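Chemist: First, the structure itself, so that you have it in front of you.
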Amino acid sequence: MRSIIAIFGGTLKEGVRSKLFWGILVFALLLFLSTMVVSELSFAEKEKIIADLGLSLISAFGLIAAVILGTDLIYRDIQNGTVQIILARPVKRWKYVAGKYLGLMAIIGVNLLLLSLMLLFVLLIYVGKPCIYLLRSLYTIFLELSLIASIGVFFSTFSTSQLLSSLVTLGLFIIGHSLDILRMSAGKSGKFLGFLLKSLAVIFPDLDFYDIKIKVIHGLPLESSYYGEILLYTLGYVIFILFLASLIMERREFR
Amino acid sequence: MERVIVTESLTKIYKSGKRRTEAVRDLSLEIKRGEVFGFIGPNGAGKSTTIKMLLSILYPTSGKAWVFGVDIRSPDARKRVGYLPENPRFYDYLSGEEFLRFAGMLAGLSGSRLEKKVESLLKYVGIYDARKRKLRKYSKGMIQRIGLAQALMGDPDLIILDEPTSGLDPLGRKLTLDLIRSLRSRGKTVFFSTHILKDVEEVADRVGILFKGRLLKVFSLDEERQRENDYQIEIENAGIDLFIAAEKLAELMEKDEKRVTFLVREDNLFEFLEAVRDKGGRIITLTRKKRNLEEIFLETIGEG
Ligand SMILES: Nc1ncnc2c1ncn2[C@@H]1O[C@H](COP(=O)(O)OP(=O)(O)O)[C@@H](O)[C@H]1O
Ligand SMILES: [Mg+2]
């Protein structure tokens with residue numbers, strides 16, 4: 001347990017001090033301020049415009065952080081040889097993966113928290129009301145990022161190129177949001193291709209499941225069981241992927 | 001004597017595509033408790049590969065090894081081991097102090113014991129004043145020191161150092177070698193690799209010469225030093241009788257049609273000379289051998 005905490009702490013500290021982390025925060029702040037300008041130009045309700053743009057920005061920046069950091073953290077440890085001093089201790093490799101992932105989630109969590117506070121603050125001073133209901137959407141954004149990050153971590157355990165693993169992770173993100181298309185074309189395709197597409201639609205994470213932004217902003221109802229279900233879905237998926245990542249780490253050598 | 005490291009025909013073959021590199025071949029070795037073992041060989045000899053196998057950072061292609069009697073395949077084999085990799089790079093954005101705390105936790109320390117150890121090690125390797133600085137701003141020498149400090153976390157009984165002096169300035173080198181001496185005086189076992197003969201000469205008790213993946217020779221420096229007083233004797237007319245008589249007294253070094261050269265220990269000198277006289281040999285030259293490590297090394301890899 002102590003080794004997980006050590007790796008978690010080291011990862012978190014290293015992450016929140018990185019240029020990427022601060023870059024995202026500064027850039028996001030600028031864009032949040034610009035949403036106010038956009039809302040001035042628009043006829044729609046200011047609150048909805050800012051909330052919509054803001055949540056999209058948070059998703060996008062979170063995605064960048066999850067993909068870049070997720071595919072980078074273990075990869076860099078391996079490239080720099082830091083992983084060797086960690087594994088030369090009697091540390092089990094799955095604990096290394098778990099510690100890294102939890103550290104990464106803490107970084108993304110802090111990042112998301114700060115971005116959310118910015119958004120809520122902008123809304124508070126501009127619209128004059130605390131839009132706490134947006135937290136629902138932030139919750140699913142965090143869960144979605146957890147899933148994306150685990151995929152990035154998975155690739156970083158064996159990939160020899162961070163760029164490639166980032167692109168593949170992004171690709172999976174896009175596919176995960178287009179499973180409807182996959183299912184539709186499965187119906188129209190021949191037997192074999194249809195089966196293939198259908199299986200893919202089952203294997204790939206269904207990321208549209210996380211997209212509740214419109215409903216939250218417009219106050220549409222959501223089943224109360226949704227929040228628990230999506231948590232379980234995410235946990236199951238993440239644990240499965242980290243399990244695979246640990247298996248790869250267990251077999252892998254470090255030169 | 002407790003055997004700290006035992007390897008049995010340890011072999012590592014790298015395969016990438018069609019290329020096969022035999023990095024380490026049939027390496028069998030025993031390291032005893034309390035000794036400083038210098039693992040010497042030119043670049044590419046397989047030193048790092050061997051060390052990484054001992055730590056399960058690489059897996060052997062074949063062969064077996066035990067550390068403190070525990071099969072290296074078990075993480076428990078690494079419980080009492082500290083390791084400094086070659087050319088280490090650690091986390092850029094952690095301070096020296098934070099990094100050592102990190103290493104200490106991995107070594108199983110916590111609370112005030114951890115804090116005390118971090119402080120004492122920072123002082124021990126002489127970077128206490130730079131403890132708050134980020135590792136990114138450390139010089140190569142300082143990184144090496146923090147690397148040594150992290151290897152000593154948890155007070156390991158076996159310290160494995162991969163090329164600990166390479167690329168260091170004379171001061172850094174001295175610090176590293178002093179540290180190895182002080183570890184020995186505390187009864188620790190040190191296994192270090194180097195391509196610098198002088199390192200080994202200065203601190204090692206025993207030396208293993210590795211060349212092209214093969215362990216060619218293992219010897220004790222003390223014994224070799226005693227043999228610096230050996231005599232090299234060149235003889236003409238050496239008959240079979242002389243060879244038989246010399247067998248117990250001398251080592252055959254060279255032989256051509258006319259002349260034979262023997263290496264004779266100081267203790268055996270007079271007895272050997274008598275044998276030469278009795279058997280009708282003629283002495284051409286007689287010189288003190290004074291073999292230094294470099295000669296032994298060159299001779300060994302020349303044969304290998
Ligand atoms: N990852 C690798 N793939 C293929 N060959 C390698 C790899 N790492 C090392 N080698 C080869 O194995 C041999 C031993 O390397 P190494 O153990 O690093 O030697 P040393 O530490 O003594 O300099 C060298 O010939 C080297 O080229
Ligand atoms: Mg090496």
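Residues are referred to by chain and number: the chain letter is A, B, ... according to the order shown in the structure tokens, the number counts from 1 in that chain, and ligands are numbered separately from 1 in the order shown.
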Chain A residues within 10 Å of chain B, counting only C-alpha atoms: which ones, as a PyMOL selection string?
Modeler: chain A and resi 1-11+13-18+76-77+79-93+251-255
Chemist: Could you please take those selected residues and save N, CA and C atoms as a JSON list (two decimals), in the first residue's frame?
Modeler:
```
[["chain", "number", "residue", "atom", "x", "y", "z"],
["A", 1, "MET", "N", 0.84, -1.20, 0.00],
["A", 1, "MET", "CA", 0.00, 0.00, 0.00],
["A", 1, "MET", "C", 0.87, 1.25, 0.00],
["A", 2, "ARG", "N", 1.93, 1.20, 0.81],
["A", 2, "ARG", "CA", 2.81, 2.36, 0.91],
["A", 2, "ARG", "C", 3.44, 2.68, -0.44],
["A", 3, "SER", "N", 3.76, 1.64, -1.20],
["A", 3, "SER", "CA", 4.39, 1.91, -2.49],
["A", 3, "SER", "C", 3.39, 2.57, -3.43],
["A", 4, "ILE", "N", 2.12, 2.17, -3.36],
["A", 4, "ILE", "CA", 1.12, 2.84, -4.20],
["A", 4, "ILE", "C", 1.04, 4.31, -3.82],
["A", 5, "ILE", "N", 1.04, 4.58, -2.51],
["A", 5, "ILE", "CA", 0.95, 5.97, -2.07],
["A", 5, "ILE", "C", 2.17, 6.76, -2.54],
["A", 6, "ALA", "N", 3.35, 6.15, -2.44],
["A", 6, "ALA", "CA", 4.57, 6.84, -2.87],
["A", 6, "ALA", "C", 4.49, 7.18, -4.35],
["A", 7, "ILE", "N", 4.09, 6.22, -5.15],
["A", 7, "ILE", "CA", 4.03, 6.44, -6.60],
["A", 7, "ILE", "C", 2.93, 7.44, -6.95],
["A", 8, "PHE", "N", 1.82, 7.31, -6.25],
["A", 8, "PHE", "CA", 0.72, 8.26, -6.41],
["A", 8, "PHE", "C", 1.21, 9.69, -6.13],
["A", 9, "GLY", "N", 1.86, 9.85, -4.98],
["A", 9, "GLY", "CA", 2.32, 11.19, -4.58],
["A", 9, "GLY", "C", 3.34, 11.75, -5.53],
["A", 10, "GLY", "N", 4.29, 10.93, -5.93],
["A", 10, "GLY", "CA", 5.33, 11.39, -6.85],
["A", 10, "GLY", "C", 4.72, 11.83, -8.17],
["A", 11, "THR", "N", 3.78, 11.03, -8.66],
["A", 11, "THR", "CA", 3.13, 11.34, -9.94],
["A", 11, "THR", "C", 2.34, 12.64, -9.86],
["A", 13, "LYS", "N", 2.70, 15.18, -7.73],
["A", 13, "LYS", "CA", 3.57, 16.35, -7.59],
["A", 13, "LYS", "C", 4.21, 16.70, -8.92],
["A", 14, "GLU", "N", 4.76, 15.67, -9.56],
["A", 14, "GLU", "CA", 5.42, 15.89, -10.84],
["A", 14, "GLU", "C", 4.42, 16.51, -11.84],
["A", 15, "GLY", "N", 3.18, 16.01, -11.80],
["A", 15, "GLY", "CA", 2.17, 16.45, -12.76],
["A", 15, "GLY", "C", 1.73, 17.89, -12.55],
["A", 16, "VAL", "N", 1.41, 18.25, -11.30],
["A", 16, "VAL", "CA", 0.86, 19.60, -11.10],
["A", 16, "VAL", "C", 1.95, 20.66, -11.22],
["A", 17, "ARG", "N", 3.21, 20.21, -11.32],
["A", 17, "ARG", "CA", 4.27, 21.20, -11.52],
["A", 17, "ARG", "C", 4.69, 21.28, -12.98],
["A", 18, "SER", "N", 4.05, 20.47, -13.81],
["A", 18, "SER", "CA", 4.50, 20.45, -15.21],
["A", 18, "SER", "C", 3.96, 21.65, -15.97],
["A", 76, "ARG", "N", 7.33, 7.91, -19.98],
["A", 76, "ARG", "CA", 8.52, 8.70, -19.63],
["A", 76, "ARG", "C", 9.33, 7.99, -18.53],
["A", 77, "ASP", "N", 8.66, 7.41, -17.57],
["A", 77, "ASP", "CA", 9.38, 6.64, -16.54],
["A", 77, "ASP", "C", 10.24, 5.56, -17.19],
["A", 79, "GLN", "N", 11.31, 5.52, -20.44],
["A", 79, "GLN", "CA", 12.37, 6.15, -21.23],
["A", 79, "GLN", "C", 13.51, 6.65, -20.35],
["A", 80, "ASN", "N", 13.16, 7.29, -19.24],
["A", 80, "ASN", "CA", 14.19, 7.86, -18.36],
["A", 80, "ASN", "C", 14.86, 6.82, -17.47],
["A", 81, "GLY", "N", 14.29, 5.65, -17.42],
["A", 81, "GLY", "CA", 14.86, 4.62, -16.55],
["A", 81, "GLY", "C", 14.42, 4.76, -15.10],
["A", 82, "THR", "N", 13.55, 5.74, -14.82],
["A", 82, "THR", "CA", 13.08, 5.89, -13.44],
["A", 82, "THR", "C", 12.34, 4.64, -12.99],
["A", 83, "VAL", "N", 11.66, 4.02, -13.94],
["A", 83, "VAL", "CA", 10.90, 2.82, -13.60],
["A", 83, "VAL", "C", 11.84, 1.75, -13.03],
["A", 84, "GLN", "N", 13.09, 1.78, -13.45],
["A", 84, "GLN", "CA", 14.02, 0.75, -12.96],
["A", 84, "GLN", "C", 14.32, 0.89, -11.49],
["A", 85, "ILE", "N", 14.45, 2.13, -11.02],
["A", 85, "ILE", "CA", 14.73, 2.25, -9.59],
["A", 85, "ILE", "C", 13.49, 1.91, -8.76],
["A", 86, "ILE", "N", 12.32, 2.11, -9.37],
["A", 86, "ILE", "CA", 11.09, 1.76, -8.65],
["A", 86, "ILE", "C", 10.94, 0.25, -8.59],
["A", 87, "LEU", "N", 11.11, -0.40, -9.74],
["A", 87, "LEU", "CA", 10.88, -1.85, -9.78],
["A", 87, "LEU", "C", 12.04, -2.64, -9.17],
["A", 88, "ALA", "N", 13.20, -1.97, -8.98],
["A", 88, "ALA", "CA", 14.29, -2.66, -8.30],
["A", 88, "ALA", "C", 13.98, -2.81, -6.81],
["A", 89, "ARG", "N", 13.00, -2.06, -6.35],
["A", 89, "ARG", "CA", 12.48, -2.27, -4.99],
["A", 89, "ARG", "C", 11.47, -3.40, -5.05],
["A", 90, "PRO", "N", 11.18, -3.99, -3.91],
["A", 90, "PRO", "CA", 10.19, -5.08, -3.98],
["A", 90, "PRO", "C", 8.78, -4.57, -4.19],
["A", 91, "VAL", "N", 8.59, -3.83, -5.29],
["A", 91, "VAL", "CA", 7.28, -3.26, -5.61],
["A", 91, "VAL", "C", 6.62, -4.14, -6.67],
["A", 92, "LYS", "N", 5.39, -4.55, -6.43],
["A", 92, "LYS", "CA", 4.70, -5.34, -7.44],
["A", 92, "LYS", "C", 4.31, -4.42, -8.59],
["A", 93, "ARG", "N", 4.36, -4.98, -9.77],
["A", 93, "ARG", "CA", 4.18, -4.10, -10.93],
["A", 93, "ARG", "C", 2.77, -3.57, -11.04],
["A", 251, "ARG", "N", 5.11, -8.66, -17.76],
["A", 251, "ARG", "CA", 5.92, -9.42, -18.72],
["A", 251, "ARG", "C", 7.06, -8.61, -19.29],
["A", 252, "ARG", "N", 6.95, -7.31, -19.17],
["A", 252, "ARG", "CA", 7.86, -6.49, -19.97],
["A", 252, "ARG", "C", 9.23, -6.31, -19.32],
["A", 253, "GLU", "N", 10.22, -6.06, -20.16],
["A", 253, "GLU", "CA", 11.58, -5.81, -19.68],
["A", 253, "GLU", "C", 11.93, -4.35, -19.92],
["A", 254, "PHE", "N", 12.92, -3.89, -19.18],
["A", 254, "PHE", "CA", 13.30, -2.47, -19.31],
["A", 254, "PHE", "C", 14.77, -2.39, -19.62],
["A", 255, "ARG", "N", 15.08, -1.79, -20.75],
["A", 255, "ARG", "CA", 16.47, -1.80, -21.20],
["A", 255, "ARG", "C", 17.17, -0.48, -20.95]]
```
Chemist: Do you know which residues are within 10 Å of ligand 1 using only C-alpha atoms and all ligand atoms? Can you write them as JSON, numbers by chain?
Modeler: {"A": [253, 254, 255], "B": [12, 13, 14, 15, 16, 19, 20, 21, 22, 23, 24, 39, 40, 41, 42, 43, 44, 45, 46, 47, 48, 49, 50, 51, 52, 53, 58, 86, 162, 163, 193, 194, 195, 210, 211, 212, 213]}
Chemist: What is the atom CA of Phe195 of chain A to atom CA of Leu207 of chain A distance in Å?
Modeler: 20.7 Å
Chemist: Please measure the separation of atom CA of Asp211 of chain A and atom CA of Gly187 of chain A, giving the value in Å to one decimal.
Modeler: 24.1 Å
Chemist: In Å, with one decimal, what is the gap from atom CA of Tyr227 of chain A to atom CA of Ile141 of chain A?
Modeler: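 One can read the atom CA of Tyr227 of chain A to atom CA of Ile141 of chain A distance as 11.9 Å.
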Chemist: Name all residues at most 7 Å from segment 263-277 of chain B (count only C-alpha atoms; drop same-chain ones fewer than 2 positions away) and give them as a list in words.
Modeler: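 Everything that qualifies: Arg227, Asn229, Asp230, Tyr231, Gln232, Ile233, Leu242, Ala245, Ala246, Leu249, Ala250, Glu251, Leu252, Met253, Thr261, Lys279, Gly280 and Gly281 of chain B.
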Chemist: List the spatial neighbours of Ser159 of chain A as a VMD selection string - criterion: any atom at most 9 Å away, only C-alpha atoms, same-chain residues fewer than 6 positions off excluded.
Modeler: chain A and resid 71 75 165
